[in-house]
Amino acid sequence: MIRHLLLGLVLLLVPLGAQAEIQRMEAVRYARYGSPDVLKVVKVRAPDVRKGFVRVRVHAAGVNTIDWEIRKGGPFTGFPYPPPIIPGYGFSGVIDAVGKDVEGFAVGDAVFGMLPLATPGAYAEYVVVDVRAIAHKPDGVSHAIAAALPMPALTASQALFGTAKLKAGQTVLIHGAAGGVGHIALQLAKASGVRVIATGSTGRREFLLGLGADQFVDYTAQPFEQVVRDVDAVLDTVGGDTLERSYGVLKPGGIVVSLVEPPDEGELRRRGIRGEAILVAPSGKMLEVVARELAAGRLRVEIEQVFPLAAAATAHRRSESRRVRGRLVLSLLPDEASDAAGGASRP
Ligand SMILES: NC(=O)c1ccc[n+]([C@@H]2O[C@H](COP(=O)([O-])OP(=O)(O)OC[C@H]3O[C@@H](n4cnc5c(N)ncnc54)[C@H](OP(=O)(O)O)[C@@H]3O)[C@@H](O)[C@H]2O)c1
């Protein structure tokens with residue numbers, strides 16, 4: 001009798017154990033704010049899918065500047081909850097579970113998207129995400145490219161068109177145009193008929209002119225305000241002194257949109273210009289539009305380097321240099337898709 005009971009228990013535990021194993025995932029997480037050394041590879045419970053959400057097996061995650069800015073506990077001390085935090089917003093992967101009331105997406109679909117700012121978690125094997133935050137990944141575009149894109153593309157679209165309301169024929173000055181947000185903003189602005197003046201360091205000239213910039217300003221060689229004036233909008237990805245010197249290059253009524261800090265209200269009033277600081281929000285609909293541009297080869301996503309998940313700390317160190325060309329990406333699964341298609345650059 002007891003033997004039978006024990007056997008039954010063993011048989012019961014085997015499938016439970018197997019299931020428990022499937023429910024665990026590898027992730028990069030930090031238990032306290034600090035240097036890149038706080039990033040550790042851990043095994044944690046995989047998130048469960050719920051109504052209106054899908055679970056995605058992540059193939060690649062974008063390394064966004066904001067990931068390490070939060071990790072340092074610096075300007076984002078108002079972040080809504082304390083560590084432990086799994087960083088990461090942009091991801092690309094394949095749906096492995098679908099919640100109730102989800103339409104338009106099914107298990108096996110390749111998708112990409114962005115998690116909300118308050119709930120990062122893309123440096124992990126699985127994310128659970130609201131279907132309204134994802135779009136189908138175009139065939140022939142790698143997961144690495146698709147993971148790099150969401151935060152830069154959404155930030156750029158929302159800043160240039162949502163806030164600055166730029167129209168064809170107007171001129172925008174884009175600071176940090178070689179960076180993750182900047183190089184996508186440059187291309188989206190050009191695609192809408194907007195004239196672009198791009199700032200970058202000396203070695204970025206060919207890259208930025210190649211992406212379509214109408215004018216390149218080497219910010220290391222001369223103050224941009226010596227050669228730029230009367231622009232309709234400034235996209236500030238740098239802040240500080242760069243933001244302060246930007247007020248003077250706007251035409252009356254022009255607008256500075258900062259991704260970094262609120263513009264000075266006194267300066268705006270005194271000069272008769274406008275200014276706003278924005279926070280990016282997820283949008284699957286916007287990503288669908290971007291995906292079409294990518295698939296048609298009209299958008300180039302520059303990836304400086306792909307790192308394995310376990311090298312997240314190295315990727316953060318590189319990103320913290322603020323000298324990355326385009327974006328860095330963490331790869332969680334080998335990417336089978338062709339990168340030659342879709343206007344994507346390496347890798
Ligand atoms: N508010 C939001 O919702 C939101 C969303 C996304 C990003 N952000 C923030 O926006 C900022 C930019 O993000 P990102 O991901 O694009 O950064 P990034 O990729 O790290 O930007 C790096 C680029 O910045 C350029 N750069 C550095 N200093 C510069 C200067 N003084 N003048 C001109 N260019 C300069 C570098 O160009 P060179 O190599 O040519 O020097 C480099 O290519 C970050 O602070 C990020 O947190 C905010």
# chains A, B, ... in the order shown; residues from 1 in each chain; ligands from 1
call {"tool": "select_by_dssp", "arguments": {"residues": "region 51-235 of chain A", "states": "strand (DSSP E or B)", "output": "ChimeraX atom specification"}}
result
/A:53-63,85,90-98,110-114,124,126-130,134-136,171-174,195-200,215-218,231-235
call {"tool": "residues_around", "arguments": {"residues": "region 244-255 of chain A", "least_positions_apart": "3", "cutoff": "10 Å", "atoms": "only C-alpha atoms", "output": "number ranges by chain"}}
result
A: 163-166, 171-173, 175, 223-236, 239-241, 258, 263-264, 267-268, 271-276
call {"tool": "select_by_dssp", "arguments": {"residues": "region 79-302 of chain A", "states": "alpha helix (DSSP H)", "output": "count of residues only"}}
result
57
call {"tool": "atom_distance", "arguments": {"atom1": "CA of Ile278 (chain A)", "atom2": "CA of Arg317 (chain A)"}}
result
25.6 Å
call {"tool": "residues_around", "arguments": {"residues": "Arg132 (chain A)", "least_positions_apart": "2", "cutoff": "7 Å", "atoms": "only C-alpha atoms", "output": "PyMOL selection string"}}
result
chain A and resi 130+134+283-284
call {"tool": "residues_around", "arguments": {"residues": "Pro150 (chain A)", "least_positions_apart": "2", "cutoff": "12 Å", "atoms": "only C-alpha atoms", "output": "number ranges by chain"}}
result
A: 61-64, 88-92, 111-116, 122, 133-135, 137, 143-148, 152-158, 180-181, 184, 280-291, 294, 301, 327
call {"tool": "closest_atom_pairs", "arguments": {"of": "chain A", "to": "ligand 1", "cutoff": "6 Å", "atoms": "only C-alpha atoms and all ligand atoms", "output": "JSON lines"}}
result
{"residue": "A:Asn64", "atom": "CA", "partner": "ligand 1", "partner_atom_place_in_ligand_line": "15 (O)", "distance": 5.3}
{"residue": "A:Thr65", "atom": "CA", "partner": "ligand 1", "partner_atom_place_in_ligand_line": "15 (O)", "distance": 4.5}
{"residue": "A:Ile66", "atom": "CA", "partner": "ligand 1", "partner_atom_place_in_ligand_line": "47 (O)", "distance": 4.0}
{"residue": "A:Thr155", "atom": "CA", "partner": "ligand 1", "partner_atom_place_in_ligand_line": "5 (C)", "distance": 5.2}
{"residue": "A:His175", "atom": "CA", "partner": "ligand 1", "partner_atom_place_in_ligand_line": "33 (C)", "distance": 4.8}
{"residue": "A:Gly176", "atom": "CA", "partner": "ligand 1", "partner_atom_place_in_ligand_line": "34 (N)", "distance": 3.2}
{"residue": "A:Ala178", "atom": "CA", "partner": "ligand 1", "partner_atom_place_in_ligand_line": "43 (O)", "distance": 3.9}
{"residue": "A:Gly179", "atom": "CA", "partner": "ligand 1", "partner_atom_place_in_ligand_line": "19 (O)", "distance": 3.5}
{"residue": "A:Gly180", "atom": "CA", "partner": "ligand 1", "partner_atom_place_in_ligand_line": "19 (O)", "distance": 3.7}
{"residue": "A:Val181", "atom": "CA", "partner": "ligand 1", "partner_atom_place_in_ligand_line": "16 (O)", "distance": 3.7}
{"residue": "A:Gly182", "atom": "CA", "partner": "ligand 1", "partner_atom_place_in_ligand_line": "16 (O)", "distance": 5.4}
{"residue": "A:Thr199", "atom": "CA", "partner": "ligand 1", "partner_atom_place_in_ligand_line": "33 (C)", "distance": 5.2}
{"residue": "A:Gly200", "atom": "CA", "partner": "ligand 1", "partner_atom_place_in_ligand_line": "40 (O)", "distance": 3.6}
{"residue": "A:Ser201", "atom": "CA", "partner": "ligand 1", "partner_atom_place_in_ligand_line": "40 (O)", "distance": 3.7}
{"residue": "A:Arg204", "atom": "CA", "partner": "ligand 1", "partner_atom_place_in_ligand_line": "40 (O)", "distance": 5.5}
{"residue": "A:Tyr219", "atom": "CA", "partner": "ligand 1", "partner_atom_place_in_ligand_line": "32 (N)", "distance": 5.8}
{"residue": "A:Thr237", "atom": "CA", "partner": "ligand 1", "partner_atom_place_in_ligand_line": "12 (C)", "distance": 4.3}
{"residue": "A:Val238", "atom": "CA", "partner": "ligand 1", "partner_atom_place_in_ligand_line": "29 (C)", "distance": 5.8}
{"residue": "A:Leu259", "atom": "CA", "partner": "ligand 1", "partner_atom_place_in_ligand_line": "1 (N)", "distance": 3.9}
{"residue": "A:Val260", "atom": "CA", "partner": "ligand 1", "partner_atom_place_in_ligand_line": "45 (O)", "distance": 5.3}
{"residue": "A:Ile278", "atom": "CA", "partner": "ligand 1", "partner_atom_place_in_ligand_line": "1 (N)", "distance": 5.0}
{"residue": "A:Leu279", "atom": "CA", "partner": "ligand 1", "partner_atom_place_in_ligand_line": "3 (O)", "distance": 3.3}
{"residue": "A:Val280", "atom": "CA", "partner": "ligand 1", "partner_atom_place_in_ligand_line": "3 (O)", "distance": 3.7}
{"residue": "A:Ser319", "atom": "CA", "partner": "ligand 1", "partner_atom_place_in_ligand_line": "20 (O)", "distance": 5.7}
{"residue": "A:Arg322", "atom": "CA", "partner": "ligand 1", "partner_atom_place_in_ligand_line": "20 (O)", "distance": 4.3}
{"residue": "A:Arg323", "atom": "CA", "partner": "ligand 1", "partner_atom_place_in_ligand_line": "39 (O)", "distance": 3.8}
{"residue": "A:Val324", "atom": "CA", "partner": "ligand 1", "partner_atom_place_in_ligand_line": "43 (O)", "distance": 5.0}
{"residue": "A:Arg325", "atom": "CA", "partner": "ligand 1", "partner_atom_place_in_ligand_line": "43 (O)", "distance": 4.9}
{"residue": "A:Gly326", "atom": "CA", "partner": "ligand 1", "partner_atom_place_in_ligand_line": "19 (O)", "distance": 5.9}
call {"tool": "write_last_selection", "arguments": {"atoms": "C-alpha atoms", "output": "PDB file, in the first residue's frame"}}
result
ATOM      1  CA  ASN A  64      18.572  51.486 -24.447  1.00  0.00           C
ATOM      2  CA  THR A  65      20.333  54.329 -22.685  1.00  0.00           C
ATOM      3  CA  ILE A  66      17.471  54.577 -20.232  1.00  0.00           C
ATOM      4  CA  THR A 155      10.409  58.141 -29.054  1.00  0.00           C
ATOM      5  CA  HIS A 175      21.203  66.541 -31.467  1.00  0.00           C
ATOM      6  CA  GLY A 176      22.971  63.219 -31.022  1.00  0.00           C
ATOM      7  CA  ALA A 178      24.228  59.187 -34.566  1.00  0.00           C
ATOM      8  CA  GLY A 179      22.716  57.704 -31.408  1.00  0.00           C
ATOM      9  CA  GLY A 180      19.927  55.195 -30.962  1.00  0.00           C
ATOM     10  CA  VAL A 181      17.055  57.673 -31.067  1.00  0.00           C
ATOM     11  CA  GLY A 182      18.848  60.223 -33.242  1.00  0.00           C
ATOM     12  CA  THR A 199      24.869  67.081 -34.925  1.00  0.00           C
ATOM     13  CA  GLY A 200      27.543  64.480 -34.274  1.00  0.00           C
ATOM     14  CA  SER A 201      31.251  64.121 -33.625  1.00  0.00           C
ATOM     15  CA  ARG A 204      29.909  60.683 -37.941  1.00  0.00           C
ATOM     16  CA  TYR A 219      29.708  69.599 -32.387  1.00  0.00           C
ATOM     17  CA  THR A 237      18.764  63.933 -26.885  1.00  0.00           C
ATOM     18  CA  VAL A 238      21.641  65.370 -24.878  1.00  0.00           C
ATOM     19  CA  LEU A 259      14.069  63.610 -24.108  1.00  0.00           C
ATOM     20  CA  VAL A 260      16.275  64.382 -21.165  1.00  0.00           C
ATOM     21  CA  ILE A 278       8.366  63.929 -23.282  1.00  0.00           C
ATOM     22  CA  LEU A 279       8.179  60.369 -22.017  1.00  0.00           C
ATOM     23  CA  VAL A 280       7.827  57.648 -24.626  1.00  0.00           C
ATOM     24  CA  SER A 319      26.336  52.406 -23.807  1.00  0.00           C
ATOM     25  CA  ARG A 322      27.469  57.831 -24.865  1.00  0.00           C
ATOM     26  CA  ARG A 323      29.408  57.208 -28.056  1.00  0.00           C
ATOM     27  CA  VAL A 324      27.431  54.310 -29.501  1.00  0.00           C
ATOM     28  CA  ARG A 325      26.666  54.448 -33.197  1.00  0.00           C
ATOM     29  CA  GLY A 326      23.018  53.391 -33.407  1.00  0.00           C
TER      30      GLY A 326
END
call {"tool": "closest_residue", "arguments": {"among": "A:Val131, A:Leu330, A:Ala159, A:Val44", "to": "His316 (chain A)", "atoms": "only C-alpha atoms"}}
result
A:Leu330
call {"tool": "atom_distance", "arguments": {"atom1": "CA of Thr242 (chain A)", "atom2": "CA of Thr202 (chain A)"}}
result
16.9 Å
call {"tool": "atom_distance", "arguments": {"atom1": "CA of Gly193 (chain A)", "atom2": "CA of Met151 (chain A)"}}
result
22.4 Å
call {"tool": "closest_residue", "arguments": {"among": "A:Gly162, A:Glu302, A:Gly93, A:Glu103", "to": "His183 (chain A)", "atoms": "only C-alpha atoms"}}
result
A:Glu302
call {"tool": "residues_around", "arguments": {"residues": "Met25 (chain A)", "least_positions_apart": "4", "cutoff": "6 Å", "atoms": "only C-alpha atoms", "output": "list in words"}}
result
Lys43, Val44, Ala46 and Glu125 of chain A
call {"tool": "write_last_selection", "arguments": {"atoms": "N, CA, C and O atoms", "output": "mmCIF file, in the first residue's frame"}}
result
data_model
loop_
_atom_site.group_PDB
_atom_site.id
_atom_site.type_symbol
_atom_site.label_atom_id
_atom_site.label_comp_id
_atom_site.auth_asym_id
_atom_site.auth_seq_id
_atom_site.Cartn_x
_atom_site.Cartn_y
_atom_site.Cartn_z
ATOM 1 N N LYS A 43 17.954 32.839 -12.426
ATOM 2 C CA LYS A 43 16.792 32.043 -12.845
ATOM 3 C C LYS A 43 15.602 32.552 -12.045
ATOM 4 O O LYS A 43 15.665 32.602 -10.811
ATOM 5 N N VAL A 44 14.569 32.954 -12.738
ATOM 6 C CA VAL A 44 13.378 33.474 -12.045
ATOM 7 C C VAL A 44 12.138 32.825 -12.639
ATOM 8 O O VAL A 44 12.205 32.157 -13.687
ATOM 9 N N ALA A 46 9.033 32.487 -14.832
ATOM 10 C CA ALA A 46 8.601 33.127 -16.084
ATOM 11 C C ALA A 46 7.230 33.757 -15.865
ATOM 12 O O ALA A 46 6.411 33.215 -15.114
ATOM 13 N N GLU A 125 14.207 35.618 -20.928
ATOM 14 C CA GLU A 125 13.771 34.684 -21.969
ATOM 15 C C GLU A 125 12.302 34.885 -22.361
ATOM 16 O O GLU A 125 11.917 34.544 -23.475
#
call {"tool": "residues_around", "arguments": {"residues": "region 306-308 of chain A", "least_positions_apart": "6", "cutoff": "8 Å", "atoms": "only C-alpha atoms", "output": "PyMOL selection string"}}
result
chain A and resi 144+315+328-332+347
call {"tool": "closest_residue", "arguments": {"among": "A:Ala177, A:Ala124, A:Trp68, A:Leu299", "to": "Ser321 (chain A)", "atoms": "only C-alpha atoms"}}
result
A:Trp68
